[in-house]
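protein.pdb follows; it contains PDB, N, CA and C atoms, pLDDT in the B column.
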ATOM      1  N   MET P   1       2.110  20.768  13.386  1.00 77.00           N
ATOM      2  CA  MET P   1       2.129  19.354  13.695  1.00 77.00           C
ATOM      3  C   MET P   1       3.362  19.078  14.553  1.00 77.00           C
ATOM      4  N   THR P   2       3.173  18.304  15.583  1.00 85.00           N
ATOM      5  CA  THR P   2       4.284  18.009  16.480  1.00 85.00           C
ATOM      6  C   THR P   2       5.228  16.986  15.848  1.00 85.00           C
ATOM      7  N   THR P   3       6.394  16.890  16.417  1.00 89.00           N
ATOM      8  CA  THR P   3       7.387  15.941  15.924  1.00 89.00           C
ATOM      9  C   THR P   3       6.871  14.520  16.055  1.00 89.00           C
ATOM     10  N   GLU P   4       6.160  14.239  17.138  1.00 91.00           N
ATOM     11  CA  GLU P   4       5.607  12.901  17.343  1.00 91.00           C
ATOM     12  C   GLU P   4       4.599  12.551  16.256  1.00 91.00           C
ATOM     13  N   GLN P   5       3.739  13.502  15.912  1.00 90.00           N
ATOM     14  CA  GLN P   5       2.758  13.268  14.853  1.00 90.00           C
ATOM     15  C   GLN P   5       3.444  13.060  13.504  1.00 90.00           C
ATOM     16  N   GLU P   6       4.476  13.855  13.247  1.00 92.00           N
ATOM     17  CA  GLU P   6       5.238  13.698  11.998  1.00 92.00           C
ATOM     18  C   GLU P   6       5.886  12.321  11.930  1.00 92.00           C
ATOM     19  N   GLN P   7       6.413  11.855  13.067  1.00 94.00           N
ATOM     20  CA  GLN P   7       7.035  10.536  13.100  1.00 94.00           C
ATOM     21  C   GLN P   7       6.007   9.442  12.852  1.00 94.00           C
ATOM     22  N   LYS P   8       4.814   9.598  13.414  1.00 94.00           N
ATOM     23  CA  LYS P   8       3.752   8.604  13.187  1.00 94.00           C
ATOM     24  C   LYS P   8       3.347   8.572  11.724  1.00 94.00           C
ATOM     25  N   LEU P   9       3.218   9.746  11.103  1.00 95.00           N
ATOM     26  CA  LEU P   9       2.859   9.796   9.690  1.00 95.00           C
ATOM     27  C   LEU P   9       3.973   9.206   8.819  1.00 95.00           C
ATOM     28  N   ALA P  10       5.221   9.493   9.178  1.00 95.00           N
ATOM     29  CA  ALA P  10       6.344   8.944   8.426  1.00 95.00           C
ATOM     30  C   ALA P  10       6.370   7.419   8.530  1.00 95.00           C
ATOM     31  N   ARG P  11       6.128   6.910   9.730  1.00 96.00           N
ATOM     32  CA  ARG P  11       6.099   5.455   9.923  1.00 96.00           C
ATOM     33  C   ARG P  11       4.962   4.831   9.131  1.00 96.00           C
ATOM     34  N   LYS P  12       3.811   5.482   9.159  1.00 96.00           N
ATOM     35  CA  LYS P  12       2.660   5.012   8.401  1.00 96.00           C
ATOM     36  C   LYS P  12       2.981   4.980   6.904  1.00 96.00           C
ATOM     37  N   GLY P  13       3.684   5.993   6.426  1.00 96.00           N
ATOM     38  CA  GLY P  13       4.074   6.054   5.027  1.00 96.00           C
ATOM     39  C   GLY P  13       5.048   4.956   4.648  1.00 96.00           C
ATOM     40  N   ARG P  14       6.001   4.688   5.532  1.00 97.00           N
ATOM     41  CA  ARG P  14       6.968   3.609   5.261  1.00 97.00           C
ATOM     42  C   ARG P  14       6.275   2.256   5.212  1.00 97.00           C
ATOM     43  N   ILE P  15       5.326   2.038   6.102  1.00 97.00           N
ATOM     44  CA  ILE P  15       4.589   0.769   6.106  1.00 97.00           C
ATOM     45  C   ILE P  15       3.778   0.624   4.824  1.00 97.00           C
ATOM     46  N   ALA P  16       3.112   1.698   4.411  1.00 97.00           N
ATOM     47  CA  ALA P  16       2.325   1.654   3.176  1.00 97.00           C
ATOM     48  C   ALA P  16       3.226   1.360   1.981  1.00 97.00           C
ATOM     49  N   ALA P  17       4.377   2.013   1.922  1.00 97.00           N
ATOM     50  CA  ALA P  17       5.315   1.782   0.823  1.00 97.00           C
ATOM     51  C   ALA P  17       5.815   0.341   0.823  1.00 97.00           C
ATOM     52  N   LEU P  18       6.109  -0.186   1.997  1.00 97.00           N
ATOM     53  CA  LEU P  18       6.577  -1.562   2.106  1.00 97.00           C
ATOM     54  C   LEU P  18       5.502  -2.554   1.659  1.00 97.00           C
ATOM     55  N   VAL P  19       4.272  -2.323   2.078  1.00 97.00           N
ATOM     56  CA  VAL P  19       3.175  -3.213   1.678  1.00 97.00           C
ATOM     57  C   VAL P  19       2.992  -3.194   0.164  1.00 97.00           C
ATOM     58  N   ILE P  20       3.041  -2.011  -0.437  1.00 97.00           N
ATOM     59  CA  ILE P  20       2.881  -1.903  -1.884  1.00 97.00           C
ATOM     60  C   ILE P  20       4.019  -2.620  -2.604  1.00 97.00           C
ATOM     61  N   ALA P  21       5.250  -2.396  -2.164  1.00 97.00           N
ATOM     62  CA  ALA P  21       6.404  -3.025  -2.809  1.00 97.00           C
ATOM     63  C   ALA P  21       6.370  -4.547  -2.678  1.00 97.00           C
ATOM     64  N   VAL P  22       6.090  -5.028  -1.481  1.00 97.00           N
ATOM     65  CA  VAL P  22       6.039  -6.478  -1.266  1.00 97.00           C
ATOM     66  C   VAL P  22       4.889  -7.101  -2.057  1.00 97.00           C
ATOM     67  N   ALA P  23       3.756  -6.427  -2.106  1.00 97.00           N
ATOM     68  CA  ALA P  23       2.614  -6.947  -2.863  1.00 97.00           C
ATOM     69  C   ALA P  23       2.967  -7.095  -4.338  1.00 97.00           C
ATOM     70  N   MET P  24       3.664  -6.106  -4.889  1.00 97.00           N
ATOM     71  CA  MET P  24       4.015  -6.169  -6.315  1.00 97.00           C
ATOM     72  C   MET P  24       5.038  -7.264  -6.599  1.00 97.00           C
ATOM     73  N   VAL P  25       6.028  -7.392  -5.727  1.00 98.00           N
ATOM     74  CA  VAL P  25       7.041  -8.432  -5.924  1.00 98.00           C
ATOM     75  C   VAL P  25       6.396  -9.813  -5.811  1.00 98.00           C
ATOM     76  N   LEU P  26       5.568 -10.006  -4.786  1.00 97.00           N
ATOM     77  CA  LEU P  26       4.892 -11.297  -4.640  1.00 97.00           C
ATOM     78  C   LEU P  26       3.947 -11.578  -5.794  1.00 97.00           C
ATOM     79  N   TRP P  27       3.255 -10.546  -6.266  1.00 97.00           N
ATOM     80  CA  TRP P  27       2.320 -10.722  -7.377  1.00 97.00           C
ATOM     81  C   TRP P  27       3.064 -11.224  -8.617  1.00 97.00           C
ATOM     82  N   VAL P  28       4.179 -10.574  -8.938  1.00 97.00           N
ATOM     83  CA  VAL P  28       4.948 -10.986 -10.118  1.00 97.00           C
ATOM     84  C   VAL P  28       5.484 -12.410  -9.939  1.00 97.00           C
ATOM     85  N   LEU P  29       6.064 -12.681  -8.777  1.00 98.00           N
ATOM     86  CA  LEU P  29       6.636 -14.011  -8.543  1.00 98.00           C
ATOM     87  C   LEU P  29       5.576 -15.111  -8.558  1.00 98.00           C
ATOM     88  N   LEU P  30       4.444 -14.857  -7.917  1.00 97.00           N
ATOM     89  CA  LEU P  30       3.400 -15.882  -7.871  1.00 97.00           C
ATOM     90  C   LEU P  30       2.734 -16.087  -9.229  1.00 97.00           C
ATOM     91  N   GLN P  31       2.605 -15.023 -10.017  1.00 96.00           N
ATOM     92  CA  GLN P  31       2.065 -15.189 -11.369  1.00 96.00           C
ATOM     93  C   GLN P  31       3.011 -16.037 -12.221  1.00 96.00           C
ATOM     94  N   TRP P  32       4.291 -15.751 -12.108  1.00 97.00           N
ATOM     95  CA  TRP P  32       5.272 -16.526 -12.854  1.00 97.00           C
ATOM     96  C   TRP P  32       5.276 -17.987 -12.401  1.00 97.00           C
ATOM     97  N   LEU P  33       5.289 -18.182 -11.075  1.00 97.00           N
ATOM     98  CA  LEU P  33       5.307 -19.535 -10.523  1.00 97.00           C
ATOM     99  C   LEU P  33       4.063 -20.317 -10.929  1.00 97.00           C
ATOM    100  N   GLY P  34       2.919 -19.657 -10.893  1.00 96.00           N
ATOM    101  CA  GLY P  34       1.678 -20.320 -11.290  1.00 96.00           C
ATOM    102  C   GLY P  34       1.688 -20.747 -12.739  1.00 96.00           C
ATOM    103  N   ARG P  35       2.236 -19.884 -13.600  1.00 95.00           N
ATOM    104  CA  ARG P  35       2.318 -20.212 -15.022  1.00 95.00           C
ATOM    105  C   ARG P  35       3.271 -21.388 -15.242  1.00 95.00           C
ATOM    106  N   GLU P  36       4.411 -21.371 -14.540  1.00 96.00           N
ATOM    107  CA  GLU P  36       5.399 -22.446 -14.696  1.00 96.00           C
ATOM    108  C   GLU P  36       4.877 -23.786 -14.175  1.00 96.00           C
ATOM    109  N   MET P  37       4.100 -23.753 -13.100  1.00 96.00           N
ATOM    110  CA  MET P  37       3.627 -24.993 -12.486  1.00 96.00           C
ATOM    111  C   MET P  37       2.259 -25.421 -12.999  1.00 96.00           C
ATOM    112  N   GLY P  38       1.651 -24.592 -13.853  1.00 96.00           N
ATOM    113  CA  GLY P  38       0.369 -24.959 -14.438  1.00 96.00           C
ATOM    114  C   GLY P  38      -0.802 -24.866 -13.470  1.00 96.00           C
ATOM    115  N   TRP P  39      -0.757 -23.919 -12.553  1.00 95.00           N
ATOM    116  CA  TRP P  39      -1.864 -23.736 -11.619  1.00 95.00           C
ATOM    117  C   TRP P  39      -3.124 -23.324 -12.366  1.00 95.00           C
ATOM    118  N   PRO P  40      -4.295 -23.681 -11.841  1.00 95.00           N
ATOM    119  CA  PRO P  40      -5.548 -23.251 -12.478  1.00 95.00           C
ATOM    120  C   PRO P  40      -5.674 -21.719 -12.491  1.00 95.00           C
ATOM    121  N   VAL P  41      -6.449 -21.232 -13.436  1.00 94.00           N
ATOM    122  CA  VAL P  41      -6.633 -19.789 -13.603  1.00 94.00           C
ATOM    123  C   VAL P  41      -7.245 -19.166 -12.351  1.00 94.00           C
ATOM    124  N   ARG P  42      -8.047 -19.912 -11.616  1.00 96.00           N
ATOM    125  CA  ARG P  42      -8.678 -19.342 -10.416  1.00 96.00           C
ATOM    126  C   ARG P  42      -7.641 -18.888  -9.387  1.00 96.00           C
ATOM    127  N   PHE P  43      -6.481 -19.557  -9.362  1.00 95.00           N
ATOM    128  CA  PHE P  43      -5.420 -19.113  -8.455  1.00 95.00           C
ATOM    129  C   PHE P  43      -4.815 -17.791  -8.915  1.00 95.00           C
ATOM    130  N   ALA P  44      -4.726 -17.617 -10.233  1.00 94.00           N
ATOM    131  CA  ALA P  44      -4.227 -16.345 -10.762  1.00 94.00           C
ATOM    132  C   ALA P  44      -5.157 -15.217 -10.338  1.00 94.00           C
ATOM    133  N   PHE P  45      -6.467 -15.457 -10.424  1.00 96.00           N
ATOM    134  CA  PHE P  45      -7.422 -14.437  -9.998  1.00 96.00           C
ATOM    135  C   PHE P  45      -7.324 -14.167  -8.499  1.00 96.00           C
ATOM    136  N   LEU P  46      -7.121 -15.201  -7.719  1.00 96.00           N
ATOM    137  CA  LEU P  46      -6.967 -15.035  -6.275  1.00 96.00           C
ATOM    138  C   LEU P  46      -5.735 -14.179  -5.960  1.00 96.00           C
ATOM    139  N   ILE P  47      -4.643 -14.450  -6.658  1.00 97.00           N
ATOM    140  CA  ILE P  47      -3.422 -13.660  -6.481  1.00 97.00           C
ATOM    141  C   ILE P  47      -3.666 -12.210  -6.893  1.00 97.00           C
ATOM    142  N   ASP P  48      -4.357 -12.029  -8.014  1.00 97.00           N
ATOM    143  CA  ASP P  48      -4.678 -10.674  -8.490  1.00 97.00           C
ATOM    144  C   ASP P  48      -5.504  -9.910  -7.467  1.00 97.00           C
ATOM    145  N   PHE P  49      -6.518 -10.545  -6.924  1.00 97.00           N
ATOM    146  CA  PHE P  49      -7.383  -9.867  -5.948  1.00 97.00           C
ATOM    147  C   PHE P  49      -6.632  -9.543  -4.653  1.00 97.00           C
ATOM    148  N   ALA P  50      -5.744 -10.428  -4.237  1.00 97.00           N
ATOM    149  CA  ALA P  50      -4.945 -10.141  -3.045  1.00 97.00           C
ATOM    150  C   ALA P  50      -4.031  -8.944  -3.287  1.00 97.00           C
ATOM    151  N   ALA P  51      -3.422  -8.882  -4.464  1.00 97.00           N
ATOM    152  CA  ALA P  51      -2.559  -7.742  -4.803  1.00 97.00           C
ATOM    153  C   ALA P  51      -3.383  -6.457  -4.875  1.00 97.00           C
ATOM    154  N   LEU P  52      -4.560  -6.531  -5.482  1.00 98.00           N
ATOM    155  CA  LEU P  52      -5.434  -5.356  -5.541  1.00 98.00           C
ATOM    156  C   LEU P  52      -5.819  -4.885  -4.145  1.00 98.00           C
ATOM    157  N   GLY P  53      -6.104  -5.813  -3.262  1.00 98.00           N
ATOM    158  CA  GLY P  53      -6.440  -5.457  -1.882  1.00 98.00           C
ATOM    159  C   GLY P  53      -5.298  -4.719  -1.205  1.00 98.00           C
ATOM    160  N   ALA P  54      -4.079  -5.196  -1.404  1.00 97.00           N
ATOM    161  CA  ALA P  54      -2.913  -4.536  -0.809  1.00 97.00           C
ATOM    162  C   ALA P  54      -2.715  -3.148  -1.408  1.00 97.00           C
ATOM    163  N   LEU P  55      -2.911  -3.017  -2.710  1.00 97.00           N
ATOM    164  CA  LEU P  55      -2.748  -1.716  -3.359  1.00 97.00           C
ATOM    165  C   LEU P  55      -3.822  -0.728  -2.918  1.00 97.00           C
ATOM    166  N   ILE P  56      -5.035  -1.193  -2.795  1.00 97.00           N
ATOM    167  CA  ILE P  56      -6.117  -0.318  -2.330  1.00 97.00           C
ATOM    168  C   ILE P  56      -5.843   0.128  -0.902  1.00 97.00           C
ATOM    169  N   TRP P  57      -5.401  -0.790  -0.056  1.00 98.00           N
ATOM    170  CA  TRP P  57      -5.057  -0.422   1.317  1.00 98.00           C
ATOM    171  C   TRP P  57      -3.961   0.641   1.327  1.00 98.00           C
ATOM    172  N   GLY P  58      -2.931   0.428   0.502  1.00 96.00           N
ATOM    173  CA  GLY P  58      -1.847   1.394   0.422  1.00 96.00           C
ATOM    174  C   GLY P  58      -2.326   2.756  -0.062  1.00 96.00           C
ATOM    175  N   LEU P  59      -3.245   2.766  -1.005  1.00 96.00           N
ATOM    176  CA  LEU P  59      -3.813   4.026  -1.490  1.00 96.00           C
ATOM    177  C   LEU P  59      -4.598   4.733  -0.399  1.00 96.00           C
ATOM    178  N   VAL P  60      -5.403   3.997   0.343  1.00 97.00           N
ATOM    179  CA  VAL P  60      -6.192   4.591   1.427  1.00 97.00           C
ATOM    180  C   VAL P  60      -5.276   5.185   2.492  1.00 97.00           C
ATOM    181  N   VAL P  61      -4.246   4.461   2.870  1.00 97.00           N
ATOM    182  CA  VAL P  61      -3.310   4.962   3.879  1.00 97.00           C
ATOM    183  C   VAL P  61      -2.580   6.196   3.357  1.00 97.00           C
ATOM    184  N   SER P  62      -2.183   6.174   2.107  1.00 96.00           N
ATOM    185  CA  SER P  62      -1.508   7.341   1.518  1.00 96.00           C
ATOM    186  C   SER P  62      -2.420   8.555   1.495  1.00 96.00           C
ATOM    187  N   LEU P  63      -3.673   8.348   1.179  1.00 96.00           N
ATOM    188  CA  LEU P  63      -4.636   9.459   1.197  1.00 96.00           C
ATOM    189  C   LEU P  63      -4.849   9.986   2.612  1.00 96.00           C
ATOM    190  N   GLN P  64      -4.859   9.106   3.592  1.00 96.00           N
ATOM    191  CA  GLN P  64      -4.987   9.543   4.982  1.00 96.00           C
ATOM    192  C   GLN P  64      -3.796  10.412   5.386  1.00 96.00           C
ATOM    193  N   ILE P  65      -2.612  10.016   4.985  1.00 96.00           N
ATOM    194  CA  ILE P  65      -1.410  10.794   5.296  1.00 96.00           C
ATOM    195  C   ILE P  65      -1.481  12.149   4.605  1.00 96.00           C
ATOM    196  N   TRP P  66      -1.831  12.145   3.338  1.00 95.00           N
ATOM    197  CA  TRP P  66      -1.930  13.393   2.577  1.00 95.00           C
ATOM    198  C   TRP P  66      -2.936  14.348   3.215  1.00 95.00           C
ATOM    199  N   ARG P  67      -4.102  13.813   3.595  1.00 95.00           N
ATOM    200  CA  ARG P  67      -5.126  14.659   4.208  1.00 95.00           C
ATOM    201  C   ARG P  67      -4.675  15.199   5.558  1.00 95.00           C
ATOM    202  N   ALA P  68      -3.999  14.373   6.345  1.00 93.00           N
ATOM    203  CA  ALA P  68      -3.526  14.830   7.656  1.00 93.00           C
ATOM    204  C   ALA P  68      -2.531  15.967   7.495  1.00 93.00           C
ATOM    205  N   ARG P  69      -1.640  15.856   6.545  1.00 91.00           N
ATOM    206  CA  ARG P  69      -0.656  16.915   6.317  1.00 91.00           C
ATOM    207  C   ARG P  69      -1.299  18.156   5.718  1.00 91.00           C
ATOM    208  N   ARG P  70      -2.254  17.970   4.828  1.00 91.00           N
ATOM    209  CA  ARG P  70      -2.945  19.094   4.215  1.00 91.00           C
ATOM    210  C   ARG P  70      -3.759  19.851   5.264  1.00 91.00           C
ATOM    211  N   ASP P  71      -4.468  19.105   6.105  1.00 88.00           N
ATOM    212  CA  ASP P  71      -5.272  19.743   7.161  1.00 88.00           C
ATOM    213  C   ASP P  71      -4.387  20.487   8.154  1.00 88.00           C
ATOM    214  N   ASP P  72      -3.233  19.913   8.477  1.00 84.00           N
ATOM    215  CA  ASP P  72      -2.324  20.569   9.401  1.00 84.00           C
ATOM    216  C   ASP P  72      -1.783  21.871   8.802  1.00 84.00           C
ATOM    217  N   ASN P  73      -1.445  21.844   7.516  1.00 83.00           N
ATOM    218  CA  ASN P  73      -0.959  23.054   6.863  1.00 83.00           C
ATOM    219  C   ASN P  73      -2.052  24.115   6.797  1.00 83.00           C
ATOM    220  N   ALA P  74      -3.282  23.715   6.550  1.00 84.00           N
ATOM    221  CA  ALA P  74      -4.388  24.670   6.481  1.00 84.00           C
ATOM    222  C   ALA P  74      -4.649  25.289   7.862  1.00 84.00           C
ATOM    223  N   ASN P  75      -4.529  24.495   8.901  1.00 81.00           N
ATOM    224  CA  ASN P  75      -4.749  25.002  10.259  1.00 81.00           C
ATOM    225  C   ASN P  75      -3.610  25.917  10.703  1.00 81.00           C
ATOM    226  N   GLY P  76      -2.413  25.598  10.271  1.00 73.00           N
ATOM    227  CA  GLY P  76      -1.268  26.414  10.673  1.00 73.00           C
ATOM    228  C   GLY P  76      -1.223  27.762   9.961  1.00 73.00           C
ATOM    229  N   GLN P  77      -1.760  27.821   8.759  1.00 61.00           N
ATOM    230  CA  GLN P  77      -1.722  29.067   8.001  1.00 61.00           C
ATOM    231  C   GLN P  77      -2.929  29.934   8.257  1.00 61.00           C
ATOM    232  N   GLY P  78      -4.042  29.343   8.675  1.00 48.00           N
ATOM    233  CA  GLY P  78      -5.284  30.109   8.845  1.00 48.00           C
ATOM    234  C   GLY P  78      -5.443  30.562  10.208  1.00 48.00           C
TER     235      GLY P  78
END

I need this file expressed as structure tokens, please.
Amino acid sequence: MTTEQEQKLARKGRIAALVIAVAMVLWVLLQWLGREMGWPVRFAFLIDFAALGALIWGLVVSLQIWRARRDDNANGQG
């Protein structure tokens, strides 16, 4: 794998990590805020689904990175 490809994968990994971290922080804060302000339960579900969407996206991107590195290692050794 070239240095450029490694840099792209590293950047992709940092973005995925940032999205996951921000999603979790926002999820906790918005759940707390909703409870304190008495928001309807439907907003809690909306927040939950948005957080799940961010986590699923992060998982998909992480799997793409893992597969790209695994495939590169298999090609380099075979």

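For Ile20 (chain P), the residues within 7 Å (counting all atoms listed in the file, excluding itself and residues fewer than 5 positions away along the chain) are Ile15, Val25, Ala54, Leu55 and Gly58 of chain P.
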
Keeping N, CA and C atoms for every residue in the selection just given, could you write it to a file as a tab-separated table (two decimals), in the frame of the given file?
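This went into out.tsv:
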chain	number	residue	atom	x	y	z
P	15	ILE	N	5.33	2.04	6.10
P	15	ILE	CA	4.59	0.77	6.11
P	15	ILE	C	3.78	0.62	4.82
P	25	VAL	N	6.03	-7.39	-5.73
P	25	VAL	CA	7.04	-8.43	-5.92
P	25	VAL	C	6.40	-9.81	-5.81
P	54	ALA	N	-4.08	-5.20	-1.40
P	54	ALA	CA	-2.91	-4.54	-0.81
P	54	ALA	C	-2.72	-3.15	-1.41
P	55	LEU	N	-2.91	-3.02	-2.71
P	55	LEU	CA	-2.75	-1.72	-3.36
P	55	LEU	C	-3.82	-0.73	-2.92
P	58	GLY	N	-2.93	0.43	0.50
P	58	GLY	CA	-1.85	1.39	0.42
P	58	GLY	C	-2.33	2.76	-0.06

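Going from atom N of Ala23 (chain P) over to atom N of Ile56 (chain P), you cover 10.3 Å.
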
So which residues touch Leu46 (chain P) within 12 Å, counting only C-alpha atoms, skipping near sequence neighbours fewer than 5 positions away, as a PyMOL selection string? chain P and resi 27+30-31+34+39-41+51-53

Excluding same-chain residues fewer than 5 positions from region 59-71 of chain P, what lies within 12 Å of it counting only C-alpha atoms, as a PDB file with N, CA and C atoms, keeping the file's coordinate frame?
ATOM      1  N   MET P   1       2.110  20.768  13.386  1.00 77.00           N
ATOM      2  CA  MET P   1       2.129  19.354  13.695  1.00 77.00           C
ATOM      3  C   MET P   1       3.362  19.078  14.553  1.00 77.00           C
ATOM      4  N   THR P   2       3.173  18.304  15.583  1.00 85.00           N
ATOM      5  CA  THR P   2       4.284  18.009  16.480  1.00 85.00           C
ATOM      6  C   THR P   2       5.228  16.986  15.848  1.00 85.00           C
ATOM      7  N   GLN P   5       3.739  13.502  15.912  1.00 90.00           N
ATOM      8  CA  GLN P   5       2.758  13.268  14.853  1.00 90.00           C
ATOM      9  C   GLN P   5       3.444  13.060  13.504  1.00 90.00           C
ATOM     10  N   GLU P   6       4.476  13.855  13.247  1.00 92.00           N
ATOM     11  CA  GLU P   6       5.238  13.698  11.998  1.00 92.00           C
ATOM     12  C   GLU P   6       5.886  12.321  11.930  1.00 92.00           C
ATOM     13  N   GLN P   7       6.413  11.855  13.067  1.00 94.00           N
ATOM     14  CA  GLN P   7       7.035  10.536  13.100  1.00 94.00           C
ATOM     15  C   GLN P   7       6.007   9.442  12.852  1.00 94.00           C
ATOM     16  N   LYS P   8       4.814   9.598  13.414  1.00 94.00           N
ATOM     17  CA  LYS P   8       3.752   8.604  13.187  1.00 94.00           C
ATOM     18  C   LYS P   8       3.347   8.572  11.724  1.00 94.00           C
ATOM     19  N   LEU P   9       3.218   9.746  11.103  1.00 95.00           N
ATOM     20  CA  LEU P   9       2.859   9.796   9.690  1.00 95.00           C
ATOM     21  C   LEU P   9       3.973   9.206   8.819  1.00 95.00           C
ATOM     22  N   ALA P  10       5.221   9.493   9.178  1.00 95.00           N
ATOM     23  CA  ALA P  10       6.344   8.944   8.426  1.00 95.00           C
ATOM     24  C   ALA P  10       6.370   7.419   8.530  1.00 95.00           C
ATOM     25  N   ARG P  11       6.128   6.910   9.730  1.00 96.00           N
ATOM     26  CA  ARG P  11       6.099   5.455   9.923  1.00 96.00           C
ATOM     27  C   ARG P  11       4.962   4.831   9.131  1.00 96.00           C
ATOM     28  N   LYS P  12       3.811   5.482   9.159  1.00 96.00           N
ATOM     29  CA  LYS P  12       2.660   5.012   8.401  1.00 96.00           C
ATOM     30  C   LYS P  12       2.981   4.980   6.904  1.00 96.00           C
ATOM     31  N   GLY P  13       3.684   5.993   6.426  1.00 96.00           N
ATOM     32  CA  GLY P  13       4.074   6.054   5.027  1.00 96.00           C
ATOM     33  C   GLY P  13       5.048   4.956   4.648  1.00 96.00           C
ATOM     34  N   ARG P  14       6.001   4.688   5.532  1.00 97.00           N
ATOM     35  CA  ARG P  14       6.968   3.609   5.261  1.00 97.00           C
ATOM     36  C   ARG P  14       6.275   2.256   5.212  1.00 97.00           C
ATOM     37  N   ILE P  15       5.326   2.038   6.102  1.00 97.00           N
ATOM     38  CA  ILE P  15       4.589   0.769   6.106  1.00 97.00           C
ATOM     39  C   ILE P  15       3.778   0.624   4.824  1.00 97.00           C
ATOM     40  N   ALA P  16       3.112   1.698   4.411  1.00 97.00           N
ATOM     41  CA  ALA P  16       2.325   1.654   3.176  1.00 97.00           C
ATOM     42  C   ALA P  16       3.226   1.360   1.981  1.00 97.00           C
ATOM     43  N   ALA P  17       4.377   2.013   1.922  1.00 97.00           N
ATOM     44  CA  ALA P  17       5.315   1.782   0.823  1.00 97.00           C
ATOM     45  C   ALA P  17       5.815   0.341   0.823  1.00 97.00           C
ATOM     46  N   LEU P  18       6.109  -0.186   1.997  1.00 97.00           N
ATOM     47  CA  LEU P  18       6.577  -1.562   2.106  1.00 97.00           C
ATOM     48  C   LEU P  18       5.502  -2.554   1.659  1.00 97.00           C
ATOM     49  N   VAL P  19       4.272  -2.323   2.078  1.00 97.00           N
ATOM     50  CA  VAL P  19       3.175  -3.213   1.678  1.00 97.00           C
ATOM     51  C   VAL P  19       2.992  -3.194   0.164  1.00 97.00           C
ATOM     52  N   ILE P  20       3.041  -2.011  -0.437  1.00 97.00           N
ATOM     53  CA  ILE P  20       2.881  -1.903  -1.884  1.00 97.00           C
ATOM     54  C   ILE P  20       4.019  -2.620  -2.604  1.00 97.00           C
ATOM     55  N   LEU P  52      -4.560  -6.531  -5.482  1.00 98.00           N
ATOM     56  CA  LEU P  52      -5.434  -5.356  -5.541  1.00 98.00           C
ATOM     57  C   LEU P  52      -5.819  -4.885  -4.145  1.00 98.00           C
ATOM     58  N   GLY P  53      -6.104  -5.813  -3.262  1.00 98.00           N
ATOM     59  CA  GLY P  53      -6.440  -5.457  -1.882  1.00 98.00           C
ATOM     60  C   GLY P  53      -5.298  -4.719  -1.205  1.00 98.00           C
ATOM     61  N   ALA P  54      -4.079  -5.196  -1.404  1.00 97.00           N
ATOM     62  CA  ALA P  54      -2.913  -4.536  -0.809  1.00 97.00           C
ATOM     63  C   ALA P  54      -2.715  -3.148  -1.408  1.00 97.00           C
ATOM     64  N   GLY P  76      -2.413  25.598  10.271  1.00 73.00           N
ATOM     65  CA  GLY P  76      -1.268  26.414  10.673  1.00 73.00           C
ATOM     66  C   GLY P  76      -1.223  27.762   9.961  1.00 73.00           C
ATOM     67  N   GLN P  77      -1.760  27.821   8.759  1.00 61.00           N
ATOM     68  CA  GLN P  77      -1.722  29.067   8.001  1.00 61.00           C
ATOM     69  C   GLN P  77      -2.929  29.934   8.257  1.00 61.00           C
ATOM     70  N   GLY P  78      -4.042  29.343   8.675  1.00 48.00           N
ATOM     71  CA  GLY P  78      -5.284  30.109   8.845  1.00 48.00           C
ATOM     72  C   GLY P  78      -5.443  30.562  10.208  1.00 48.00           C
TER      73      GLY P  78
END

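In this model, the gap between CA of Met37 (chain P) and CA of Ala50 (chain P) comes to 19.6 Å.
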
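Between CA of Glu4 (chain P) and atom C of Ala74 (chain P) the separation is 18.7 Å.
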